[in-house]
$ cat data16.txt   # compact mmCIF, N, CA and C atoms and all ligand atoms
# COMPACT_ATOMS: atom_id res chain seq x y z
N MET A 28 77.55 10.57 58.95
CA MET A 28 78.78 9.83 58.68
C MET A 28 79.28 10.12 57.25
N VAL A 29 78.35 10.33 56.33
CA VAL A 29 78.75 10.65 54.96
C VAL A 29 79.53 11.96 54.92
N GLN A 30 79.04 12.93 55.69
CA GLN A 30 79.75 14.22 55.76
C GLN A 30 81.15 14.05 56.33
N GLU A 31 81.26 13.20 57.34
CA GLU A 31 82.54 12.94 57.97
C GLU A 31 83.49 12.29 56.96
N ILE A 32 82.97 11.36 56.17
CA ILE A 32 83.79 10.69 55.14
C ILE A 32 84.27 11.73 54.13
N ALA A 33 83.37 12.61 53.70
CA ALA A 33 83.73 13.66 52.73
C ALA A 33 84.81 14.57 53.30
N LYS A 34 84.66 14.92 54.57
CA LYS A 34 85.63 15.80 55.23
C LYS A 34 87.02 15.14 55.27
N ARG A 35 87.02 13.88 55.67
CA ARG A 35 88.29 13.15 55.73
C ARG A 35 88.88 12.95 54.34
N PHE A 36 88.03 12.67 53.38
CA PHE A 36 88.49 12.50 52.00
C PHE A 36 89.23 13.76 51.54
N MET A 37 88.64 14.92 51.77
CA MET A 37 89.27 16.17 51.33
C MET A 37 90.58 16.40 52.08
N ARG A 38 90.58 16.04 53.36
CA ARG A 38 91.80 16.25 54.16
C ARG A 38 92.93 15.33 53.68
N ILE A 39 92.63 14.06 53.50
CA ILE A 39 93.65 13.10 53.05
C ILE A 39 94.13 13.51 51.65
N ARG A 40 93.18 13.89 50.81
CA ARG A 40 93.49 14.30 49.45
C ARG A 40 94.47 15.48 49.43
N ARG A 41 94.20 16.43 50.31
CA ARG A 41 95.05 17.62 50.38
C ARG A 41 96.45 17.26 50.88
N ASP A 42 96.49 16.35 51.87
CA ASP A 42 97.77 16.02 52.51
C ASP A 42 98.64 15.07 51.70
N VAL A 43 98.02 14.22 50.91
CA VAL A 43 98.77 13.13 50.28
C VAL A 43 99.66 13.59 49.14
N SER A 44 99.11 14.34 48.22
CA SER A 44 99.90 14.58 47.02
C SER A 44 99.51 15.88 46.32
N THR A 45 100.50 16.59 45.86
CA THR A 45 100.22 17.82 45.13
C THR A 45 99.82 17.52 43.68
N SER A 46 100.13 16.30 43.21
CA SER A 46 99.74 15.95 41.83
C SER A 46 98.23 15.78 41.70
N LEU A 47 97.55 15.74 42.86
CA LEU A 47 96.10 15.57 42.83
C LEU A 47 95.36 16.90 42.81
N ALA A 48 96.10 17.99 42.93
CA ALA A 48 95.45 19.29 43.00
C ALA A 48 94.64 19.55 41.73
N LEU A 49 93.44 20.08 41.92
CA LEU A 49 92.57 20.36 40.78
C LEU A 49 92.73 21.82 40.35
N GLN A 50 92.60 22.03 39.05
CA GLN A 50 92.54 23.40 38.53
C GLN A 50 91.15 23.95 38.81
N GLU A 51 91.05 25.26 38.78
CA GLU A 51 89.74 25.85 39.00
C GLU A 51 88.76 25.37 37.93
N GLY A 52 87.60 24.92 38.36
CA GLY A 52 86.58 24.46 37.42
C GLY A 52 86.77 23.04 36.93
N GLU A 53 87.88 22.41 37.31
CA GLU A 53 88.15 21.05 36.85
C GLU A 53 87.30 20.03 37.61
N ARG A 54 86.87 18.99 36.90
CA ARG A 54 86.16 17.88 37.54
C ARG A 54 86.91 16.61 37.26
N ARG A 55 86.96 15.75 38.25
CA ARG A 55 87.62 14.46 38.03
C ARG A 55 86.74 13.36 38.59
N ASP A 56 86.57 12.28 37.84
CA ASP A 56 85.73 11.17 38.30
C ASP A 56 86.49 10.27 39.25
N ILE A 57 85.75 9.72 40.19
CA ILE A 57 86.29 8.65 41.02
C ILE A 57 85.91 7.36 40.32
N ILE A 58 86.93 6.55 40.01
CA ILE A 58 86.67 5.37 39.18
C ILE A 58 86.87 4.06 39.95
N PHE A 59 85.82 3.27 39.99
CA PHE A 59 85.90 1.88 40.44
C PHE A 59 85.40 1.05 39.26
N ARG A 60 86.23 0.18 38.75
CA ARG A 60 85.81 -0.56 37.56
C ARG A 60 86.14 -2.04 37.70
N VAL A 61 85.19 -2.86 37.34
CA VAL A 61 85.44 -4.30 37.29
C VAL A 61 85.47 -4.70 35.83
N SER A 62 86.51 -5.43 35.43
CA SER A 62 86.60 -5.84 34.03
C SER A 62 87.22 -7.23 33.96
N LYS A 63 86.91 -7.91 32.88
CA LYS A 63 87.51 -9.23 32.69
C LYS A 63 88.20 -9.23 31.33
N LEU A 64 89.49 -9.40 31.38
CA LEU A 64 90.25 -9.40 30.14
C LEU A 64 90.16 -10.77 29.47
N ALA A 65 90.28 -10.76 28.15
CA ALA A 65 90.22 -12.01 27.37
C ALA A 65 91.32 -12.95 27.86
N GLY A 66 90.96 -14.19 28.04
CA GLY A 66 91.94 -15.20 28.43
C GLY A 66 92.24 -15.24 29.92
N LYS A 67 91.59 -14.37 30.69
CA LYS A 67 91.83 -14.37 32.14
C LYS A 67 90.66 -15.02 32.86
N GLN A 68 90.99 -15.76 33.91
CA GLN A 68 89.95 -16.45 34.69
C GLN A 68 89.15 -15.47 35.55
N GLU A 69 89.88 -14.61 36.23
CA GLU A 69 89.26 -13.74 37.22
C GLU A 69 89.04 -12.34 36.67
N ALA A 70 88.01 -11.68 37.17
CA ALA A 70 87.80 -10.27 36.84
C ALA A 70 88.78 -9.42 37.64
N ASP A 71 89.11 -8.27 37.09
CA ASP A 71 90.02 -7.35 37.77
C ASP A 71 89.26 -6.15 38.30
N LEU A 72 89.66 -5.71 39.47
CA LEU A 72 89.13 -4.46 40.01
C LEU A 72 90.18 -3.38 39.81
N THR A 73 89.81 -2.30 39.17
CA THR A 73 90.74 -1.19 39.06
C THR A 73 90.12 0.04 39.70
N ILE A 74 90.97 0.78 40.39
CA ILE A 74 90.52 1.97 41.13
C ILE A 74 91.52 3.08 40.84
N ASN A 75 91.03 4.27 40.58
CA ASN A 75 91.99 5.36 40.37
C ASN A 75 92.38 6.01 41.71
N GLU A 76 93.32 6.94 41.64
CA GLU A 76 93.86 7.56 42.86
C GLU A 76 92.78 8.06 43.80
N ASP A 77 91.83 8.81 43.27
CA ASP A 77 90.79 9.36 44.12
C ASP A 77 89.93 8.26 44.74
N GLY A 78 89.78 7.15 44.01
CA GLY A 78 89.05 6.00 44.56
C GLY A 78 89.77 5.41 45.75
N VAL A 79 91.10 5.32 45.66
CA VAL A 79 91.90 4.81 46.78
C VAL A 79 91.76 5.75 47.98
N LEU A 80 91.79 7.05 47.70
CA LEU A 80 91.65 8.02 48.78
C LEU A 80 90.28 7.90 49.44
N LEU A 81 89.26 7.67 48.65
CA LEU A 81 87.91 7.53 49.19
C LEU A 81 87.83 6.29 50.09
N LEU A 82 88.43 5.19 49.63
CA LEU A 82 88.46 3.98 50.47
C LEU A 82 89.16 4.25 51.79
N ALA A 83 90.28 4.97 51.71
CA ALA A 83 91.03 5.31 52.93
C ALA A 83 90.17 6.16 53.86
N ALA A 84 89.44 7.11 53.29
CA ALA A 84 88.60 8.00 54.10
C ALA A 84 87.47 7.23 54.77
N ILE A 85 86.87 6.29 54.04
CA ILE A 85 85.78 5.48 54.61
C ILE A 85 86.32 4.62 55.76
N THR A 86 87.45 3.97 55.50
CA THR A 86 88.06 3.13 56.53
C THR A 86 88.41 3.94 57.77
N ASP A 87 89.02 5.08 57.53
CA ASP A 87 89.42 6.00 58.59
C ASP A 87 88.22 6.41 59.44
N THR A 88 87.13 6.74 58.78
CA THR A 88 85.92 7.19 59.48
C THR A 88 85.34 6.06 60.34
N ILE A 89 85.31 4.86 59.80
CA ILE A 89 84.74 3.73 60.54
C ILE A 89 85.61 3.39 61.76
N VAL A 90 86.93 3.37 61.54
CA VAL A 90 87.85 3.08 62.65
C VAL A 90 87.64 4.09 63.78
N ASN A 91 87.51 5.34 63.42
CA ASN A 91 87.33 6.38 64.43
C ASN A 91 85.96 6.30 65.11
N TYR A 92 84.97 5.91 64.36
CA TYR A 92 83.63 5.75 64.92
C TYR A 92 83.63 4.64 65.97
N ILE A 93 84.28 3.54 65.63
CA ILE A 93 84.38 2.42 66.57
C ILE A 93 85.20 2.85 67.79
N GLY A 94 86.28 3.59 67.52
CA GLY A 94 87.13 4.08 68.61
C GLY A 94 86.35 4.91 69.61
N LYS A 95 85.48 5.77 69.10
CA LYS A 95 84.68 6.63 69.98
C LYS A 95 83.69 5.82 70.82
N LEU A 96 83.19 4.75 70.25
CA LEU A 96 82.25 3.91 71.00
C LEU A 96 82.95 3.14 72.11
N LEU A 97 84.18 2.72 71.83
CA LEU A 97 84.84 1.78 72.74
C LEU A 97 85.79 2.43 73.75
N PHE A 98 86.35 3.57 73.35
CA PHE A 98 87.45 4.09 74.17
C PHE A 98 87.21 5.52 74.63
N SER A 99 88.11 5.99 75.47
CA SER A 99 88.02 7.36 76.00
C SER A 99 88.33 8.39 74.93
N GLU A 100 87.99 9.63 75.23
CA GLU A 100 88.21 10.75 74.31
C GLU A 100 89.68 10.88 73.92
N SER A 101 90.57 10.80 74.89
CA SER A 101 92.00 11.00 74.60
C SER A 101 92.55 9.85 73.76
N PHE A 102 92.09 8.66 74.08
CA PHE A 102 92.53 7.51 73.29
C PHE A 102 92.05 7.64 71.86
N THR A 103 90.83 8.12 71.70
CA THR A 103 90.25 8.30 70.37
C THR A 103 91.06 9.29 69.55
N LYS A 104 91.55 10.35 70.22
CA LYS A 104 92.38 11.34 69.53
C LYS A 104 93.65 10.70 68.97
N ILE A 105 94.28 9.88 69.80
CA ILE A 105 95.50 9.19 69.37
C ILE A 105 95.17 8.24 68.21
N LEU A 106 94.08 7.51 68.37
CA LEU A 106 93.64 6.58 67.34
C LEU A 106 93.40 7.31 66.02
N GLU A 107 92.77 8.47 66.13
CA GLU A 107 92.45 9.26 64.94
C GLU A 107 93.72 9.67 64.21
N GLN A 108 94.70 10.13 64.99
CA GLN A 108 95.98 10.53 64.41
C GLN A 108 96.65 9.35 63.71
N LYS A 109 96.67 8.22 64.42
CA LYS A 109 97.32 7.03 63.88
C LYS A 109 96.61 6.52 62.62
N SER A 110 95.30 6.53 62.64
CA SER A 110 94.59 5.99 61.48
C SER A 110 94.73 6.91 60.28
N THR A 111 94.80 8.21 60.52
CA THR A 111 95.02 9.14 59.40
C THR A 111 96.41 8.91 58.81
N GLU A 112 97.41 8.73 59.68
CA GLU A 112 98.77 8.44 59.19
C GLU A 112 98.78 7.14 58.40
N ALA A 113 98.10 6.13 58.93
CA ALA A 113 98.06 4.83 58.26
C ALA A 113 97.37 4.94 56.90
N ALA A 114 96.30 5.71 56.85
CA ALA A 114 95.58 5.91 55.59
C ALA A 114 96.49 6.57 54.57
N LYS A 115 97.23 7.57 55.00
CA LYS A 115 98.15 8.26 54.08
C LYS A 115 99.24 7.32 53.57
N ARG A 116 99.80 6.55 54.49
CA ARG A 116 100.85 5.61 54.09
C ARG A 116 100.31 4.60 53.09
N TYR A 117 99.12 4.11 53.40
CA TYR A 117 98.47 3.13 52.52
C TYR A 117 98.31 3.70 51.11
N VAL A 118 97.78 4.91 51.07
CA VAL A 118 97.53 5.56 49.79
C VAL A 118 98.83 5.78 49.03
N GLU A 119 99.86 6.22 49.74
CA GLU A 119 101.14 6.48 49.08
C GLU A 119 101.76 5.21 48.51
N GLN A 120 101.53 4.09 49.21
CA GLN A 120 102.07 2.81 48.72
C GLN A 120 101.26 2.26 47.57
N VAL A 121 99.94 2.41 47.69
CA VAL A 121 99.05 1.75 46.74
C VAL A 121 98.93 2.50 45.42
N ILE A 122 98.94 3.82 45.49
CA ILE A 122 98.72 4.62 44.28
C ILE A 122 99.69 4.28 43.13
N PRO A 123 100.99 4.22 43.38
CA PRO A 123 101.89 3.93 42.24
C PRO A 123 101.58 2.58 41.59
N THR A 124 101.29 1.57 42.40
CA THR A 124 100.99 0.24 41.87
C THR A 124 99.72 0.27 41.03
N ILE A 125 98.68 0.85 41.59
CA ILE A 125 97.40 0.90 40.90
C ILE A 125 97.51 1.68 39.60
N GLN A 126 98.19 2.79 39.66
CA GLN A 126 98.30 3.63 38.46
C GLN A 126 99.04 2.94 37.34
N GLU A 127 100.12 2.28 37.71
CA GLU A 127 100.90 1.58 36.70
C GLU A 127 100.05 0.53 35.99
N GLN A 128 99.26 -0.19 36.80
CA GLN A 128 98.48 -1.29 36.25
C GLN A 128 97.36 -0.82 35.35
N SER A 129 96.67 0.24 35.78
CA SER A 129 95.36 0.40 35.20
C SER A 129 95.04 1.71 34.50
N PHE A 130 95.72 2.78 34.83
CA PHE A 130 95.32 4.04 34.23
C PHE A 130 96.50 4.81 33.68
N LYS A 131 96.22 5.56 32.63
CA LYS A 131 97.21 6.51 32.12
C LYS A 131 96.62 7.90 32.31
N ARG A 132 97.29 8.70 33.11
CA ARG A 132 96.78 10.05 33.32
C ARG A 132 97.27 10.97 32.20
N CYS A 133 96.33 11.73 31.63
CA CYS A 133 96.68 12.69 30.59
C CYS A 133 97.44 13.85 31.22
N LYS A 134 98.58 14.19 30.62
CA LYS A 134 99.39 15.26 31.18
C LYS A 134 98.79 16.63 30.91
N LYS A 135 97.93 16.67 29.91
CA LYS A 135 97.34 17.95 29.52
C LYS A 135 96.11 18.28 30.38
N CYS A 136 95.19 17.32 30.51
CA CYS A 136 93.92 17.63 31.21
C CYS A 136 93.74 16.83 32.49
N ASN A 137 94.70 15.95 32.83
CA ASN A 137 94.65 15.18 34.07
C ASN A 137 93.59 14.10 34.13
N LEU A 138 92.98 13.78 33.01
CA LEU A 138 91.96 12.71 33.03
C LEU A 138 92.64 11.35 33.17
N ASP A 139 92.05 10.46 33.94
CA ASP A 139 92.53 9.09 34.03
C ASP A 139 91.93 8.27 32.90
N ASN A 140 92.77 7.87 31.96
CA ASN A 140 92.31 7.05 30.84
C ASN A 140 92.64 5.59 31.11
N ASP A 141 92.01 4.70 30.37
CA ASP A 141 92.33 3.28 30.46
C ASP A 141 93.82 3.06 30.21
N GLY A 142 94.35 2.03 30.87
CA GLY A 142 95.78 1.75 30.76
C GLY A 142 96.24 1.43 29.35
N ASN A 143 95.34 0.93 28.51
CA ASN A 143 95.75 0.57 27.15
C ASN A 143 95.40 1.65 26.12
N ALA A 144 94.87 2.79 26.59
CA ALA A 144 94.50 3.87 25.67
C ALA A 144 95.74 4.54 25.09
N LYS A 145 95.66 4.92 23.82
CA LYS A 145 96.79 5.60 23.17
C LYS A 145 96.60 7.12 23.22
N PHE A 146 95.34 7.53 23.18
CA PHE A 146 95.04 8.96 23.20
C PHE A 146 94.01 9.26 24.30
N CYS A 147 94.08 10.46 24.85
CA CYS A 147 93.14 10.88 25.90
C CYS A 147 91.73 10.97 25.32
N LYS A 148 90.75 10.39 26.04
CA LYS A 148 89.39 10.42 25.50
C LYS A 148 88.71 11.77 25.72
N ASN A 149 89.34 12.61 26.50
CA ASN A 149 88.79 13.95 26.75
C ASN A 149 89.36 14.98 25.77
N CYS A 150 90.70 15.00 25.64
CA CYS A 150 91.31 16.07 24.85
C CYS A 150 92.14 15.55 23.68
N ALA A 151 92.15 14.23 23.48
CA ALA A 151 92.86 13.59 22.36
C ALA A 151 94.38 13.77 22.41
N ASN A 152 94.90 14.21 23.54
CA ASN A 152 96.33 14.29 23.72
C ASN A 152 96.93 12.89 23.64
N LYS A 153 98.14 12.77 23.05
CA LYS A 153 98.78 11.46 22.97
C LYS A 153 99.27 11.06 24.37
N LEU A 154 98.97 9.84 24.77
CA LEU A 154 99.39 9.36 26.10
C LEU A 154 100.68 8.57 25.97
N ASP A 155 101.57 8.70 26.96
CA ASP A 155 102.79 7.86 26.89
C ASP A 155 102.54 6.52 27.54
ZN ZN A 201 93.53 14.88 28.14
$ encode --input "data16.txt" --output "structure tokens"
Amino acid sequence: MVQEIAKRFMRIRRDVSTSLALQEGERRDIIFRVSKLAGKQEADLTINEDGVLLLAAITDTIVNYIGKLLFSESFTKILEQKSTEAAKRYVEQVIPTIQEQSFKRCKKCNLDNDGNAKFCKNCANKLD
């Protein structure tokens, strides 16, 4: 199932956005972070783009696994198509919101920095 999740992750990643394309040799972390800001009651969960895609891939894989157990082969194919479309839509809707809230992507090296960072922690490029 882990392999299936990885496969779906790469497929969704490829289909969703060209801004996610990696340069040769580039590495990017998948970020899930819980933090509590001063003066706030609740902790915040922040996830970067690739984290959202991973969640979509996991959900997609589980939905399809259940589909295969419960339904016929042809129905599962339709379900698979629909869930992939839903995952893509979800990611496209969620990414702009999440990014605005929590991360500043460096235009030079593509690293996701904290939303309140002024300079990239990887290459020291000034962040807008
Ligand atoms: Zn940078």
$ select_by_dssp --input "data16.txt" --residues "chain A" --states "strand (DSSP E or B)" --output "ChimeraX atom specification"
/A:59-62,71-74,130-132,139-141,146,153
$ residues_near_ligand --input "data16.txt" --ligand "ligand ZN 201 (chain A)" --cutoff "5 Å" --atoms "all atoms listed in the file" --output "VMD selection string"
chain A and resid 133 135 to 137 147 149 to 152
$ select_by_dssp --input "data16.txt" --residues "chain A" --states "alpha helix (DSSP H)" --output "PyMOL selection string"
chain A and resi 29-43+76-97+100-129
$ atom_distance --input "data16.txt" --atom1 "CA of Asn75 (chain A)" --atom2 "atom C of Asp56 (chain A)"
7.5 Å
$ atom_distance --input "data16.txt" --atom1 "atom C of Val118 (chain A)" --atom2 "atom N of Ala83 (chain A)"
9.0 Å
$ residues_around --input "data16.txt" --residues "Ala144 (chain A)" --least-positions-apart "3" --cutoff "7 Å" --atoms "only N, CA and C atoms" --output "list in words"
Lys131, Asn140, Asp141, Cys147 and Leu154 of chain A
$ atom_distance --input "data16.txt" --atom1 "atom N of Arg116 (chain A)" --atom2 "CA of Asn143 (chain A)"
28.3 Å
$ residues_around --input "data16.txt" --residues "Lys104 (chain A)" --least-positions-apart "5" --cutoff "8 Å" --atoms "all atoms listed in the file" --output "PyMOL selection string"
chain A and resi 94-95+98-99+109-110
$ closest_residue --input "data16.txt" --among "A:Asp71, A:Asp155, A:Glu119, A:Glu31" --to "Asn91 (chain A)" --atoms "only C-alpha atoms"
A:Glu31
$ residues_around --input "data16.txt" --residues "Lys34 (chain A)" --least-positions-apart "3" --cutoff "12 Å" --atoms "only C-alpha atoms" --output "PyMOL selection string"
chain A and resi 28-31+37-41+80-81+84-85+87-88
$ residues_near_point --input "data16.txt" --point "(89.4, 1.1, 42.1)" --cutoff "8 Å" --atoms "only N, CA and C atoms" --output "PDB file with N, CA and C atoms, keeping the file's coordinate frame"
ATOM      1  N   ILE A  57      85.750   9.720  40.190  1.00  0.00           N
ATOM      2  CA  ILE A  57      86.290   8.650  41.020  1.00  0.00           C
ATOM      3  C   ILE A  57      85.910   7.360  40.320  1.00  0.00           C
ATOM      4  N   ILE A  58      86.930   6.550  40.010  1.00  0.00           N
ATOM      5  CA  ILE A  58      86.670   5.370  39.180  1.00  0.00           C
ATOM      6  C   ILE A  58      86.870   4.060  39.950  1.00  0.00           C
ATOM      7  N   PHE A  59      85.820   3.270  39.990  1.00  0.00           N
ATOM      8  CA  PHE A  59      85.900   1.880  40.440  1.00  0.00           C
ATOM      9  C   PHE A  59      85.400   1.050  39.260  1.00  0.00           C
ATOM     10  N   ARG A  60      86.230   0.180  38.750  1.00  0.00           N
ATOM     11  CA  ARG A  60      85.810  -0.560  37.560  1.00  0.00           C
ATOM     12  C   ARG A  60      86.140  -2.040  37.700  1.00  0.00           C
ATOM     13  N   VAL A  61      85.190  -2.860  37.340  1.00  0.00           N
ATOM     14  CA  VAL A  61      85.440  -4.300  37.290  1.00  0.00           C
ATOM     15  C   VAL A  61      85.470  -4.700  35.830  1.00  0.00           C
ATOM     16  N   LEU A  72      89.660  -5.710  39.470  1.00  0.00           N
ATOM     17  CA  LEU A  72      89.130  -4.460  40.010  1.00  0.00           C
ATOM     18  C   LEU A  72      90.180  -3.380  39.810  1.00  0.00           C
ATOM     19  N   THR A  73      89.810  -2.300  39.170  1.00  0.00           N
ATOM     20  CA  THR A  73      90.740  -1.190  39.060  1.00  0.00           C
ATOM     21  C   THR A  73      90.120   0.040  39.700  1.00  0.00           C
ATOM     22  N   ILE A  74      90.970   0.780  40.390  1.00  0.00           N
ATOM     23  CA  ILE A  74      90.520   1.970  41.130  1.00  0.00           C
ATOM     24  C   ILE A  74      91.520   3.080  40.840  1.00  0.00           C
ATOM     25  N   ASN A  75      91.030   4.270  40.580  1.00  0.00           N
ATOM     26  CA  ASN A  75      91.990   5.360  40.370  1.00  0.00           C
ATOM     27  C   ASN A  75      92.380   6.010  41.710  1.00  0.00           C
ATOM     28  N   GLU A  76      93.320   6.940  41.640  1.00  0.00           N
ATOM     29  CA  GLU A  76      93.860   7.560  42.860  1.00  0.00           C
ATOM     30  C   GLU A  76      92.780   8.060  43.800  1.00  0.00           C
ATOM     31  N   ASP A  77      91.830   8.810  43.270  1.00  0.00           N
ATOM     32  CA  ASP A  77      90.790   9.360  44.120  1.00  0.00           C
ATOM     33  C   ASP A  77      89.930   8.260  44.740  1.00  0.00           C
ATOM     34  N   GLY A  78      89.780   7.150  44.010  1.00  0.00           N
ATOM     35  CA  GLY A  78      89.050   6.000  44.560  1.00  0.00           C
ATOM     36  C   GLY A  78      89.770   5.410  45.750  1.00  0.00           C
ATOM     37  N   VAL A  79      91.100   5.320  45.660  1.00  0.00           N
ATOM     38  CA  VAL A  79      91.900   4.810  46.780  1.00  0.00           C
ATOM     39  C   VAL A  79      91.760   5.750  47.980  1.00  0.00           C
TER      40      VAL A  79
END
$ axis_aligned_box --input "data16.txt" --around "region 54-62 of chain A" --padding-each-side "3 Å" --output "AutoDock Vina command-line options"
--center_x 86.4 --center_y 5.9 --center_z 37.5 --size_x 8.4 --size_y 32.2 --size_z 13.1
$ closest_residue --input "data16.txt" --among "A:Val90, A:Leu64, A:Ala70, A:Ala48" --to "Gln108 (chain A)" --atoms "only C-alpha atoms"
A:Val90
$ closest_residue --input "data16.txt" --among "A:Ala114, A:Ile105, A:Lys67, A:Lys134" --to "Thr86 (chain A)" --atoms "all atoms listed in the file"
A:Ala114
$ decode --input "data16.txt" --residues "region 81-94 of chain A" --atoms "N, CA and C atoms" --output "PDB file, in the first residue's frame"
ATOM      1  N   LEU A  81       0.438  14.652  -0.526  1.00  0.00           N
ATOM      2  CA  LEU A  81       0.600  13.354   0.121  1.00  0.00           C
ATOM      3  C   LEU A  81      -0.703  12.927   0.800  1.00  0.00           C
ATOM      4  N   LEU A  82      -1.354  13.876   1.476  1.00  0.00           N
ATOM      5  CA  LEU A  82      -2.651  13.564   2.099  1.00  0.00           C
ATOM      6  C   LEU A  82      -3.656  13.114   1.046  1.00  0.00           C
ATOM      7  N   ALA A  83      -3.668  13.819  -0.073  1.00  0.00           N
ATOM      8  CA  ALA A  83      -4.585  13.461  -1.164  1.00  0.00           C
ATOM      9  C   ALA A  83      -4.274  12.055  -1.677  1.00  0.00           C
ATOM     10  N   ALA A  84      -2.993  11.744  -1.815  1.00  0.00           N
ATOM     11  CA  ALA A  84      -2.593  10.428  -2.324  1.00  0.00           C
ATOM     12  C   ALA A  84      -2.993   9.315  -1.354  1.00  0.00           C
ATOM     13  N   ILE A  85      -2.827   9.571  -0.058  1.00  0.00           N
ATOM     14  CA  ILE A  85      -3.201   8.566   0.950  1.00  0.00           C
ATOM     15  C   ILE A  85      -4.714   8.335   0.919  1.00  0.00           C
ATOM     16  N   THR A  86      -5.462   9.438   0.897  1.00  0.00           N
ATOM     17  CA  THR A  86      -6.916   9.340   0.852  1.00  0.00           C
ATOM     18  C   THR A  86      -7.375   8.584  -0.389  1.00  0.00           C
ATOM     19  N   ASP A  87      -6.798   8.965  -1.512  1.00  0.00           N
ATOM     20  CA  ASP A  87      -7.106   8.351  -2.801  1.00  0.00           C
ATOM     21  C   ASP A  87      -6.858   6.837  -2.760  1.00  0.00           C
ATOM     22  N   THR A  88      -5.739   6.454  -2.196  1.00  0.00           N
ATOM     23  CA  THR A  88      -5.366   5.036  -2.127  1.00  0.00           C
ATOM     24  C   THR A  88      -6.352   4.258  -1.249  1.00  0.00           C
ATOM     25  N   ILE A  89      -6.728   4.837  -0.122  1.00  0.00           N
ATOM     26  CA  ILE A  89      -7.649   4.149   0.792  1.00  0.00           C
ATOM     27  C   ILE A  89      -9.038   4.005   0.156  1.00  0.00           C
ATOM     28  N   VAL A  90      -9.500   5.087  -0.469  1.00  0.00           N
ATOM     29  CA  VAL A  90     -10.812   5.040  -1.133  1.00  0.00           C
ATOM     30  C   VAL A  90     -10.831   3.934  -2.188  1.00  0.00           C
ATOM     31  N   ASN A  91      -9.764   3.846  -2.943  1.00  0.00           N
ATOM     32  CA  ASN A  91      -9.706   2.830  -3.990  1.00  0.00           C
ATOM     33  C   ASN A  91      -9.581   1.418  -3.428  1.00  0.00           C
ATOM     34  N   TYR A  92      -8.877   1.295  -2.333  1.00  0.00           N
ATOM     35  CA  TYR A  92      -8.735  -0.002  -1.678  1.00  0.00           C
ATOM     36  C   TYR A  92     -10.097  -0.497  -1.202  1.00  0.00           C
ATOM     37  N   ILE A  93     -10.848   0.405  -0.585  1.00  0.00           N
ATOM     38  CA  ILE A  93     -12.192   0.055  -0.118  1.00  0.00           C
ATOM     39  C   ILE A  93     -13.087  -0.278  -1.312  1.00  0.00           C
ATOM     40  N   GLY A  94     -12.947   0.531  -2.367  1.00  0.00           N
ATOM     41  CA  GLY A  94     -13.733   0.298  -3.581  1.00  0.00           C
ATOM     42  C   GLY A  94     -13.518  -1.094  -4.146  1.00  0.00           C
TER      43      GLY A  94
END
